[in-house]
Protein chains: 4
Amino acid sequence: MSDQNPVFIPGPTNIPDRIRKACDMPTMDHRSADFRDILLPALEGVKQVYKMETGETVIFPSSGTGGWEAAITNTLSGGDQVLASNYGMFSQKWIDMCARHGLDVQVIEQTWGDGLPLAAYQEALAADADHQIKAVLVTHNETATGVRSDVAAVRRALDDAAHPALLFVDGVSSIGSMDFRMDEWGVDIAISGSQKGFMLTAGLAIVGISQKALAAMENARLTRFYFDFRDMLGGYPNAGYPYTPPVGLLNGLKTSTGMLLDEGLENVFARHHRMAEGVRAAVRAWGLQNCANSEDIYSDTVTAIVVPEGIDGNALVSHAATKYGVAFGAGLGKVAGKVFRIGHLGSLTDAMALSGLATAEMAMVDFGIRVTLGAGVAAAQDYYRTTA
Amino acid sequence: MSDQNPVFIPGPTNIPDRIRKACDMPTMDHRSADFRDILLPALEGVKQVYKMETGETVIFPSSGTGGWEAAITNTLSGGDQVLASNYGMFSQKWIDMCARHGLDVQVIEQTWGDGLPLAAYQEALAADADHQIKAVLVTHNETATGVRSDVAAVRRALDDAAHPALLFVDGVSSIGSMDFRMDEWGVDIAISGSQKGFMLTAGLAIVGISQKALAAMENARLTRFYFDFRDMLGGYPNAGYPYTPPVGLLNGLKTSTGMLLDEGLENVFARHHRMAEGVRAAVRAWGLQNCANSEDIYSDTVTAIVVPEGIDGNALVSHAATKYGVAFGAGLGKVAGKVFRIGHLGSLTDAMALSGLATAEMAMVDFGIRVTLGAGVAAAQDYYRTTA
Amino acid sequence: MSDQNPVFIPGPTNIPDRIRKACDMPTMDHRSADFRDILLPALEGVKQVYKMETGETVIFPSSGTGGWEAAITNTLSGGDQVLASNYGMFSQKWIDMCARHGLDVQVIEQTWGDGLPLAAYQEALAADADHQIKAVLVTHNETATGVRSDVAAVRRALDDAAHPALLFVDGVSSIGSMDFRMDEWGVDIAISGSQKGFMLTAGLAIVGISQKALAAMENARLTRFYFDFRDMLGGYPNAGYPYTPPVGLLNGLKTSTGMLLDEGLENVFARHHRMAEGVRAAVRAWGLQNCANSEDIYSDTVTAIVVPEGIDGNALVSHAATKYGVAFGAGLGKVAGKVFRIGHLGSLTDAMALSGLATAEMAMVDFGIRVTLGAGVAAAQDYYRTTA
Amino acid sequence: MSDQNPVFIPGPTNIPDRIRKACDMPTMDHRSADFRDILLPALEGVKQVYKMETGETVIFPSSGTGGWEAAITNTLSGGDQVLASNYGMFSQKWIDMCARHGLDVQVIEQTWGDGLPLAAYQEALAADADHQIKAVLVTHNETATGVRSDVAAVRRALDDAAHPALLFVDGVSSIGSMDFRMDEWGVDIAISGSQKGFMLTAGLAIVGISQKALAAMENARLTRFYFDFRDMLGGYPNAGYPYTPPVGLLNGLKTSTGMLLDEGLENVFARHHRMAEGVRAAVRAWGLQNCANSEDIYSDTVTAIVVPEGIDGNALVSHAATKYGVAFGAGLGKVAGKVFRIGHLGSLTDAMALSGLATAEMAMVDFGIRVTLGAGVAAAQDYYRTTA
């Protein structure tokens, strides 16, 4: 693996030099006034990226998984009903977590590669007349399949059913890269991680919390301590943390939110869409299928590509790493071996994207997949060239 | 605050350039073979620093607090009895966490500044004939008061009472700086964090687990997911993580354990002791009291110094930060305002230590404390000069 | 210009992370013993890369141009005859420098793109019966045209004529990337710079000096001070410098020579040849001409590509920089506008090279050059894939 | 030597983290438009630091010594008379350089530790009725002895004698730290280096040139090429360099001049004066002599301290490096062994300065010098505390 090549895993993403430097700090006293100048802009930047004007944001030193745990343990009680669908590795893992916390998860099974089963959600909500469902879970971007969900539609489903359940969204691989609207979509808790659209290393779970979710916190009886919102919020008057925070990573978050906001969120989303379109043009030129099975659910941050029958996608990924030093995403869970994934989120240039496509082509030809060298690259070049 | 000055907080510590560079990595695929070459040496290095030959180590992306939570949730069940003493901020917080997880904590209150109440532990263990106490908690180094505990004595108390309770040790501000012997002392779970003796930024909870604790895991019924040992251990056969790990920080841990082991642990401990002795010589020269109230419990990583009546220790700390750009540790909890703390752990030279003492003197004189400029420095110089 | 893209100028080259970190040092006293551990390995490493066992190496804080000046001012006197050929920008500049120092330069004019005019060298040396020619100049790799010279053949010409002239070689864009043999080829002074095969930033002129050149130093009467070999060599017994050296850059040189030697020089050369072959395959697939007009003189570090009539090569380079953020080399001097150059020296991967070729294709199509998108990439892919 | 300790050599100075990061750049094409945004602000920043509104600045990739060579070779001709005084290592070396370039140097010998011999300069200028003296050399700050010269007084001497000679000033260890006024003092060429007040690594000679010196350039007949002002100035219309520039170092210079100007030059000078006063208070408290023999010539960037008879100052410096890992300046030339030097220029805090003084005390006591531990520190603390 060469560290001079860009990575094409769907996070952690390539880190711009400026952000690496923001993270690489001499030690600062996290109880000093200087830390305030890092934490407060980071929190404010996150709010703007989440498009939220009310509610709170908290940032845990943990991976994004910790954000999931925070969401449920701060708002729910043992035995509470939760509505969710299993349509990829990450939605499945969140369901597993709920179960292990003693929640009663109503799972809608869905073919991986399909989108969020909206009708089934509508049905379940309509059927739940006495409001046993306390929370509805949505994975905004299924990183395993490259499928995007329509969060606003789930909000409308809740509203149509006049259902009071909380709406929780896993935005780990979407927020900061694809359009997300906390307030407008009535999201109650949204979770992301530092290592995706925020272009940092892993280490921060970033959580947006609505006023409604903050209120729910009072009656929640699931156990929590490390991930307790109350301890985090309690530190804010002194710009403090309930335990030692990773100062450099927070300084990186201040920097990266600043970069995203300076560029303009809509420009950031358009940039990701353009990158993704180039990759999808290549996939079509290769004659291969996108794991996401319709255009309206294509993710702009990751594309899972179905490998031909008889080919092991994960072996392909290993091969590209070993022979060419380039990292692609392996298939996970139910689609392990059946797909390989190209992450195209975070800071990426046309030249970088083309290098990934060119490498993927070589690896596929090495494996006997019938794609023409240069064909996908040419399709992406044509798209990038005319849209730059 | 100048980032050119060393910090004298009791962690995060000053980071050697070599370690900063080890952490500051281009993005690496954490599912690649290359990550194995980071994770496995880091885990092995931790084992050696912990002086453990059996059992397992796990490293969570979290602050040290997450390690506390992991310890109890992986081994205990609701209502289990835990024996602990409140003799400083960190022992108190761990007690609080146990209570919030529904454990039945038998708390031995102790004056802050006193050492661990060994006799009371012995008594409680002897009295617990039917072994209701499932775990005994010890804070190896109370960072709030600069008090060191005799973990081996607690082990002897357990053995003397033939008590099967698990022995949990918070070694956050001791391990890697002061002698710690996981196996020899029969510690079942020991917790440290990346930002102390390991000289990294905050972000990793480092946990050593004995075979006995691993066995206890099977019957533990407290809820956990993010901090579940089983998911972590389950990833090891593939050198993997159950969620996205902070690769750079783990690479830093590989580097820092390598540095500690190359220096030799006994040399590392002697170095810390020497640094501490210089600081204590200065305190005596100032005519001030150590918060730790007897020599045999003096910590080699942090010294809490009692400020004279009428002086606000925390204001003194703020003043030193504002006027001289030097960070000392404020008093916490019951000793807030009554002490200020000088952290002397991690990578520190004589010259760095003397700069801290010289600055502390100026700040104290500014506050009207009757110390002679240069007096503490001279006492430390004399000690350092003759022991170098 | 995006700093995330590799550069394709023929130096400075892309800097591996490890080398950036070696250069980025805290301040070290250059008169301390520690500096010895940097300087001596750097000097020794250079010797091995130059394939020299006798003679000396000196490293000036300057660009490579300073090395040219050092070569002539340390060995020649005003009015001395020098034999040289103008076959590219850099050979021409060196001639200009000689003239400005009052040397009598016998210039063999050659078409740019042609190789070193060996027959004319042979003729001039044979004709110089009374050995008025004191030095013969060769540019090992003409960076402007991508032309490699046969240094060994010039040595043979000297030997055949039993001519005692010194042989000076500009190896700035060859040494460390293409085979160079100081001793075997009887080179008397060879010059390179930090920013090419050594993968550092500009700032060091690296000079190899034969015993014969050291002897010539005694009678040389051209004025010099900053570039005086004697002052540099005089510092060596104390591992010192006659003035303040750039310590970090020298530490980088210690690191980079270590990396080259660990890889094995023959492997390094083979790697560069392979990279170059891929680029040349692309040029052929584009139907374009290499500025170097025969295969035997193709450079393995840079390829100058002739743009079609009516196209301004320098405008093309600006366009690629502005639109795609990718830097190629502009045409210089007589071939300004007529070529654009792809540097492929230093640390480069297949994926990086392909990203450059893909970008060049887009830029050419933007300019109306009749190349097929993906065609050059495919040719290079095919070559890289089958030779990896 | 520990790289965690500040250095107390009189340059290279301690490098602030922000400047290290500015220098540590990915490769940028130095012929691109982006380089303009580095070079032009750096040149403009230098002009403001030099307090010059007319004339030009050029920045050579070389040590400061290259700046000396540039000054004389660009303006003088063989046999030209130059007036200079030898009152320290650096003035002596410049004289040596002039002689080696065939200039006729009229040397006024002066005791090292004394200031510039103004009366002798006045006399020589008055005596030179036919203006044979073409240039007058002044070392603004003699780094070897810690002596500051009154440049304005030399200007007045020239004016009083109505003498047209050029005035050249070596400001390597003064500019950016002590007041310097190019225009007001009528300086024709002023030289500094990157590694002193500009807080960078060595590698740049920074030269200010008056209109009068630019005019003199036309008739100068000394040979030059690498250090030819004309080639440098010729590149400016395209923001270019005649050879490959060290881009990162120039970016550092842009950053450091920005930092100095943001702080305000008068504040920068006052800060250096304050640091120096603290050090001098320590020297008095030690009962030792300053090598500079009167207060009005004390340097604010370096203090040379006379060691007692029988002590080898250079051994003392080695000892401090070996035992304490702290670098002080050794004595040079005529005062080698007789002094040790404390550099206090560039970015330095009170705490850093005190650590140097405390270490010097320990080293001196180790050597049997009769100073009281803590005495110098206390004197400096008292001064710093009351002037902060």
# chains A, B, ... in the order shown; residues from 1 in each chain; ligands from 1
call {"tool": "select_by_dssp", "arguments": {"residues": "stretch 54-262 of chain A", "states": "strand (DSSP E)", "output": "PyMOL selection string"}}
result
chain A and resi 56-61+81-86+104-109+133-139+141-142+147-148+166-170+189-193+204-209
call {"tool": "interface_residues", "arguments": {"of": "chain C", "to": "chain A", "cutoff": "8 Å", "atoms": "only C-alpha atoms", "output": "VMD selection string"}}
result
chain C and resid 2 to 5 16 to 17 323 to 324 326 348 to 352 354 to 356 358 to 359 362 366 373 to 375 377 to 378 381 to 382 385 388
call {"tool": "residues_around", "arguments": {"residues": "stretch 221-228 of chain A", "least_positions_apart": "5", "cutoff": "7 Å", "atoms": "only C-alpha atoms", "output": "ChimeraX atom specification"}}
result
/A:70,73-74,76-78 /B:65-66,97,101
call {"tool": "write_last_selection", "arguments": {"atoms": "C-alpha atoms", "output": "compact mmCIF listing (two decimals), in the first residue's frame"}}
result
# COMPACT_ATOMS: atom_id res chain seq x y z
CA ALA A 70 -25.84 7.89 22.44
CA THR A 73 -29.55 5.42 25.40
CA ASN A 74 -30.30 9.09 25.93
CA LEU A 76 -35.30 5.49 25.16
CA SER A 77 -36.08 2.99 27.89
CA GLY A 78 -35.82 -0.77 28.01
CA THR B 65 -13.60 7.33 31.10
CA GLY B 66 -14.79 4.89 28.48
CA MET B 97 -20.52 5.95 37.16
CA HIS B 101 -25.19 1.85 36.04
call {"tool": "select_by_dssp", "arguments": {"residues": "stretch 202-262 of chain B", "states": "helix (DSSP H, G or I)", "output": "PyMOL selection string"}}
result
chain B and resi 211-219+229-238+247-262
call {"tool": "write_last_selection", "arguments": {"atoms": "N, CA and C atoms", "output": "mmCIF file, in the first residue's frame"}}
result
data_model
loop_
_atom_site.group_PDB
_atom_site.id
_atom_site.type_symbol
_atom_site.label_atom_id
_atom_site.label_comp_id
_atom_site.auth_asym_id
_atom_site.auth_seq_id
_atom_site.Cartn_x
_atom_site.Cartn_y
_atom_site.Cartn_z
ATOM 1 N N GLN B 211 -7.542 -13.119 32.593
ATOM 2 C CA GLN B 211 -8.345 -14.284 32.218
ATOM 3 C C GLN B 211 -9.596 -14.373 33.081
ATOM 4 N N LYS B 212 -9.434 -14.035 34.348
ATOM 5 C CA LYS B 212 -10.588 -14.118 35.262
ATOM 6 C C LYS B 212 -11.673 -13.121 34.840
ATOM 7 N N ALA B 213 -11.262 -11.942 34.446
ATOM 8 C CA ALA B 213 -12.239 -10.938 34.011
ATOM 9 C C ALA B 213 -12.889 -11.372 32.699
ATOM 10 N N LEU B 214 -12.088 -11.965 31.833
ATOM 11 C CA LEU B 214 -12.655 -12.457 30.568
ATOM 12 C C LEU B 214 -13.733 -13.501 30.836
ATOM 13 N N ALA B 215 -13.487 -14.329 31.841
ATOM 14 C CA ALA B 215 -14.475 -15.348 32.191
ATOM 15 C C ALA B 215 -15.737 -14.705 32.759
ATOM 16 N N ALA B 216 -15.553 -13.681 33.576
ATOM 17 C CA ALA B 216 -16.695 -12.985 34.192
ATOM 18 C C ALA B 216 -17.599 -12.370 33.137
ATOM 19 N N MET B 217 -17.002 -12.029 32.010
ATOM 20 C CA MET B 217 -17.702 -11.387 30.901
ATOM 21 C C MET B 217 -18.929 -12.171 30.474
ATOM 22 N N GLU B 218 -18.814 -13.508 30.585
ATOM 23 C CA GLU B 218 -19.879 -14.353 30.066
ATOM 24 C C GLU B 218 -21.192 -14.172 30.833
ATOM 25 N N ASN B 219 -21.088 -13.867 32.116
ATOM 26 C CA ASN B 219 -22.303 -13.768 32.929
ATOM 27 C C ASN B 219 -22.738 -12.345 33.219
ATOM 28 N N PHE B 229 -16.264 -5.761 25.185
ATOM 29 C CA PHE B 229 -14.995 -6.445 24.936
ATOM 30 C C PHE B 229 -15.124 -7.484 23.817
ATOM 31 N N ARG B 230 -16.267 -8.160 23.801
ATOM 32 C CA ARG B 230 -16.413 -9.286 22.875
ATOM 33 C C ARG B 230 -16.287 -8.849 21.417
ATOM 34 N N ASP B 231 -16.875 -7.682 21.097
ATOM 35 C CA ASP B 231 -16.770 -7.215 19.708
ATOM 36 C C ASP B 231 -15.327 -6.869 19.362
ATOM 37 N N MET B 232 -14.641 -6.277 20.343
ATOM 38 C CA MET B 232 -13.246 -5.921 20.102
ATOM 39 C C MET B 232 -12.413 -7.190 19.903
ATOM 40 N N LEU B 233 -12.559 -8.119 20.827
ATOM 41 C CA LEU B 233 -11.757 -9.338 20.753
ATOM 42 C C LEU B 233 -12.105 -10.137 19.497
ATOM 43 N N GLY B 234 -13.355 -10.029 19.098
ATOM 44 C CA GLY B 234 -13.796 -10.733 17.902
ATOM 45 C C GLY B 234 -13.105 -10.238 16.635
ATOM 46 N N GLY B 235 -12.651 -9.025 16.672
ATOM 47 C CA GLY B 235 -11.974 -8.474 15.496
ATOM 48 C C GLY B 235 -10.518 -8.889 15.371
ATOM 49 N N TYR B 236 -9.947 -9.356 16.478
ATOM 50 C CA TYR B 236 -8.496 -9.613 16.478
ATOM 51 C C TYR B 236 -8.005 -10.642 15.466
ATOM 52 N N PRO B 237 -8.731 -11.722 15.266
ATOM 53 C CA PRO B 237 -8.219 -12.695 14.290
ATOM 54 C C PRO B 237 -7.925 -12.058 12.930
ATOM 55 N N ASN B 238 -8.662 -10.999 12.594
ATOM 56 C CA ASN B 238 -8.397 -10.301 11.336
ATOM 57 C C ASN B 238 -7.670 -8.982 11.560
ATOM 58 N N VAL B 247 -6.549 5.394 13.201
ATOM 59 C CA VAL B 247 -5.325 4.711 12.792
ATOM 60 C C VAL B 247 -4.072 5.463 13.252
ATOM 61 N N GLY B 248 -4.079 6.769 13.057
ATOM 62 C CA GLY B 248 -2.885 7.539 13.412
ATOM 63 C C GLY B 248 -2.567 7.460 14.899
ATOM 64 N N LEU B 249 -3.600 7.509 15.705
ATOM 65 C CA LEU B 249 -3.393 7.447 17.146
ATOM 66 C C LEU B 249 -2.857 6.068 17.542
ATOM 67 N N LEU B 250 -3.344 5.042 16.884
ATOM 68 C CA LEU B 250 -2.825 3.699 17.160
ATOM 69 C C LEU B 250 -1.372 3.580 16.697
ATOM 70 N N ASN B 251 -1.052 4.220 15.590
ATOM 71 C CA ASN B 251 0.338 4.224 15.142
ATOM 72 C C ASN B 251 1.210 4.973 16.152
ATOM 73 N N GLY B 252 0.646 6.020 16.724
ATOM 74 C CA GLY B 252 1.355 6.726 17.784
ATOM 75 C C GLY B 252 1.572 5.822 18.993
ATOM 76 N N LEU B 253 0.582 5.008 19.310
ATOM 77 C CA LEU B 253 0.704 4.101 20.457
ATOM 78 C C LEU B 253 1.758 3.037 20.191
ATOM 79 N N LYS B 254 1.791 2.542 18.978
ATOM 80 C CA LYS B 254 2.855 1.601 18.595
ATOM 81 C C LYS B 254 4.216 2.261 18.821
ATOM 82 N N THR B 255 4.329 3.498 18.412
ATOM 83 C CA THR B 255 5.591 4.228 18.546
ATOM 84 C C THR B 255 5.920 4.499 20.001
ATOM 85 N N SER B 256 4.935 4.937 20.765
ATOM 86 C CA SER B 256 5.242 5.335 22.145
ATOM 87 C C SER B 256 5.539 4.128 23.024
ATOM 88 N N THR B 257 4.819 3.036 22.823
ATOM 89 C CA THR B 257 5.176 1.855 23.607
ATOM 90 C C THR B 257 6.569 1.390 23.213
ATOM 91 N N GLY B 258 6.883 1.493 21.943
ATOM 92 C CA GLY B 258 8.229 1.139 21.502
ATOM 93 C C GLY B 258 9.283 2.005 22.185
ATOM 94 N N MET B 259 8.999 3.277 22.305
ATOM 95 C CA MET B 259 9.959 4.173 22.950
ATOM 96 C C MET B 259 10.125 3.834 24.429
ATOM 97 N N LEU B 260 9.015 3.576 25.094
ATOM 98 C CA LEU B 260 9.072 3.242 26.524
ATOM 99 C C LEU B 260 9.852 1.946 26.744
ATOM 100 N N LEU B 261 9.586 0.967 25.901
ATOM 101 C CA LEU B 261 10.239 -0.331 26.085
ATOM 102 C C LEU B 261 11.711 -0.266 25.702
ATOM 103 N N ASP B 262 12.030 0.552 24.688
ATOM 104 C CA ASP B 262 13.434 0.721 24.329
ATOM 105 C C ASP B 262 14.206 1.388 25.477
#
call {"tool": "residues_around", "arguments": {"residues": "D:Leu332", "least_positions_apart": "6", "cutoff": "9 Å", "atoms": "only C-alpha atoms", "output": "list in words"}}
result
Gly88, Met89, Ala144, Thr145, Asn314, Lys338 and Val339 of chain D
call {"tool": "atom_distance", "arguments": {"atom1": "atom CA of B:Met25", "atom2": "atom CA of A:Thr301"}}
result
22.6 Å
call {"tool": "residues_around", "arguments": {"residues": "B:Gly79", "least_positions_apart": "3", "cutoff": "8 Å", "atoms": "only C-alpha atoms", "output": "ChimeraX atom specification"}}
result
/B:102-104
call {"tool": "atom_distance", "arguments": {"atom1": "atom CA of C:Gly67", "atom2": "atom CA of C:Ala239"}}
result
20.5 Å
call {"tool": "closest_residue", "arguments": {"among": "C:Asn290, C:Pro245, C:Val279, C:Arg100", "to": "D:Ser63", "atoms": "only C-alpha atoms"}}
result
C:Pro245
call {"tool": "residues_around", "arguments": {"residues": "A:His131", "least_positions_apart": "3", "cutoff": "12 Å", "atoms": "only C-alpha atoms", "output": "PyMOL selection string"}}
result
chain A and resi 80-83+124-128+134-136+158+161-166
call {"tool": "write_last_selection", "arguments": {"atoms": "all heavy atoms", "output": "compact mmCIF listing (two decimals), in the first residue's frame"}}
result
# COMPACT_ATOMS: atom_id res chain seq x y z
N ASP A 80 -38.76 -0.31 24.86
CA ASP A 80 -39.38 0.62 23.92
C ASP A 80 -39.35 0.04 22.50
O ASP A 80 -38.38 -0.62 22.11
CB ASP A 80 -38.60 1.95 23.90
CG ASP A 80 -39.04 2.89 25.01
OD1 ASP A 80 -39.98 2.55 25.77
OD2 ASP A 80 -38.43 3.98 25.14
N GLN A 81 -40.42 0.34 21.77
CA GLN A 81 -40.44 -0.11 20.38
C GLN A 81 -39.70 0.86 19.47
O GLN A 81 -39.80 2.08 19.62
CB GLN A 81 -41.88 -0.24 19.89
CG GLN A 81 -42.41 -1.66 19.99
CD GLN A 81 -43.70 -1.84 19.22
OE1 GLN A 81 -43.94 -1.20 18.20
NE2 GLN A 81 -44.55 -2.71 19.74
N VAL A 82 -38.97 0.28 18.53
CA VAL A 82 -38.22 1.06 17.55
C VAL A 82 -38.53 0.48 16.19
O VAL A 82 -38.57 -0.73 16.03
CB VAL A 82 -36.72 0.96 17.86
CG1 VAL A 82 -35.89 1.47 16.70
CG2 VAL A 82 -36.38 1.69 19.15
N LEU A 83 -38.72 1.36 15.20
CA LEU A 83 -38.99 0.91 13.83
C LEU A 83 -37.75 1.11 12.98
O LEU A 83 -37.18 2.22 12.96
CB LEU A 83 -40.17 1.71 13.25
CG LEU A 83 -40.52 1.42 11.79
CD1 LEU A 83 -41.05 -0.01 11.62
CD2 LEU A 83 -41.55 2.44 11.28
N ALA A 124 -46.44 0.71 8.91
CA ALA A 124 -46.18 0.42 10.32
C ALA A 124 -46.60 1.59 11.21
O ALA A 124 -47.16 1.41 12.29
CB ALA A 124 -44.69 0.11 10.52
N LEU A 125 -46.33 2.78 10.72
CA LEU A 125 -46.69 3.95 11.52
C LEU A 125 -48.20 4.11 11.61
O LEU A 125 -48.76 4.42 12.67
CB LEU A 125 -46.04 5.22 10.92
CG LEU A 125 -44.52 5.27 11.08
CD1 LEU A 125 -43.92 6.38 10.20
CD2 LEU A 125 -44.12 5.49 12.55
N ALA A 126 -48.84 3.88 10.49
CA ALA A 126 -50.30 4.02 10.47
C ALA A 126 -50.93 2.98 11.40
O ALA A 126 -51.92 3.24 12.09
CB ALA A 126 -50.82 3.84 9.04
N ALA A 127 -50.31 1.80 11.40
CA ALA A 127 -50.86 0.70 12.20
C ALA A 127 -50.65 0.91 13.70
O ALA A 127 -51.33 0.30 14.52
CB ALA A 127 -50.22 -0.62 11.77
N ASP A 128 -49.72 1.76 14.03
CA ASP A 128 -49.35 1.92 15.44
C ASP A 128 -50.19 3.01 16.10
O ASP A 128 -49.72 4.08 16.47
CB ASP A 128 -47.86 2.27 15.51
CG ASP A 128 -47.38 2.41 16.95
OD1 ASP A 128 -47.85 1.65 17.83
OD2 ASP A 128 -46.54 3.31 17.20
N LYS A 134 -41.45 4.29 19.59
CA LYS A 134 -40.90 5.50 20.19
C LYS A 134 -39.87 6.19 19.30
O LYS A 134 -39.62 7.38 19.44
CB LYS A 134 -40.22 5.15 21.53
CG LYS A 134 -41.17 4.56 22.56
CD LYS A 134 -42.34 5.49 22.86
CE LYS A 134 -43.35 4.81 23.81
NZ LYS A 134 -44.64 5.49 23.82
N ALA A 135 -39.28 5.40 18.42
CA ALA A 135 -38.28 5.99 17.53
C ALA A 135 -38.25 5.27 16.20
O ALA A 135 -38.47 4.06 16.13
CB ALA A 135 -36.90 5.93 18.17
N VAL A 136 -37.97 6.04 15.16
CA VAL A 136 -37.86 5.51 13.81
C VAL A 136 -36.42 5.74 13.35
O VAL A 136 -35.90 6.84 13.46
CB VAL A 136 -38.86 6.21 12.87
CG1 VAL A 136 -38.66 5.76 11.44
CG2 VAL A 136 -40.29 5.97 13.35
N LEU A 158 -44.33 10.19 9.05
CA LEU A 158 -44.64 10.42 10.47
C LEU A 158 -45.74 11.46 10.61
O LEU A 158 -46.71 11.28 11.37
CB LEU A 158 -43.37 10.88 11.21
CG LEU A 158 -42.38 9.78 11.59
CD1 LEU A 158 -40.97 10.36 11.80
CD2 LEU A 158 -42.85 9.08 12.87
N ALA A 161 -49.12 10.28 9.56
CA ALA A 161 -49.73 9.40 10.57
C ALA A 161 -49.90 10.12 11.90
O ALA A 161 -50.33 9.52 12.88
CB ALA A 161 -48.85 8.16 10.75
N ALA A 162 -49.54 11.40 11.93
CA ALA A 162 -49.57 12.17 13.18
C ALA A 162 -48.90 11.37 14.29
O ALA A 162 -49.40 11.27 15.41
CB ALA A 162 -51.01 12.54 13.55
N HIS A 163 -47.76 10.81 13.94
CA HIS A 163 -47.08 9.92 14.87
C HIS A 163 -45.99 10.67 15.61
O HIS A 163 -45.18 11.35 15.00
CB HIS A 163 -46.49 8.73 14.11
CG HIS A 163 -46.20 7.56 15.00
ND1 HIS A 163 -45.24 7.60 15.98
CD2 HIS A 163 -46.78 6.33 15.08
CE1 HIS A 163 -45.21 6.43 16.61
NE2 HIS A 163 -46.16 5.64 16.09
N PRO A 164 -45.96 10.55 16.93
CA PRO A 164 -45.00 11.35 17.73
C PRO A 164 -43.61 10.72 17.87
O PRO A 164 -42.78 11.26 18.61
CB PRO A 164 -45.67 11.41 19.09
CG PRO A 164 -46.38 10.10 19.21
CD PRO A 164 -46.83 9.74 17.80
N ALA A 165 -43.37 9.61 17.21
CA ALA A 165 -42.07 8.94 17.40
C ALA A 165 -40.92 9.87 17.02
O ALA A 165 -41.07 10.75 16.16
CB ALA A 165 -42.00 7.66 16.56
N LEU A 166 -39.80 9.65 17.67
CA LEU A 166 -38.59 10.39 17.34
C LEU A 166 -38.03 9.85 16.03
O LEU A 166 -38.15 8.66 15.74
CB LEU A 166 -37.55 10.22 18.46
CG LEU A 166 -37.95 10.83 19.81
CD1 LEU A 166 -37.08 10.25 20.94
CD2 LEU A 166 -37.82 12.36 19.78
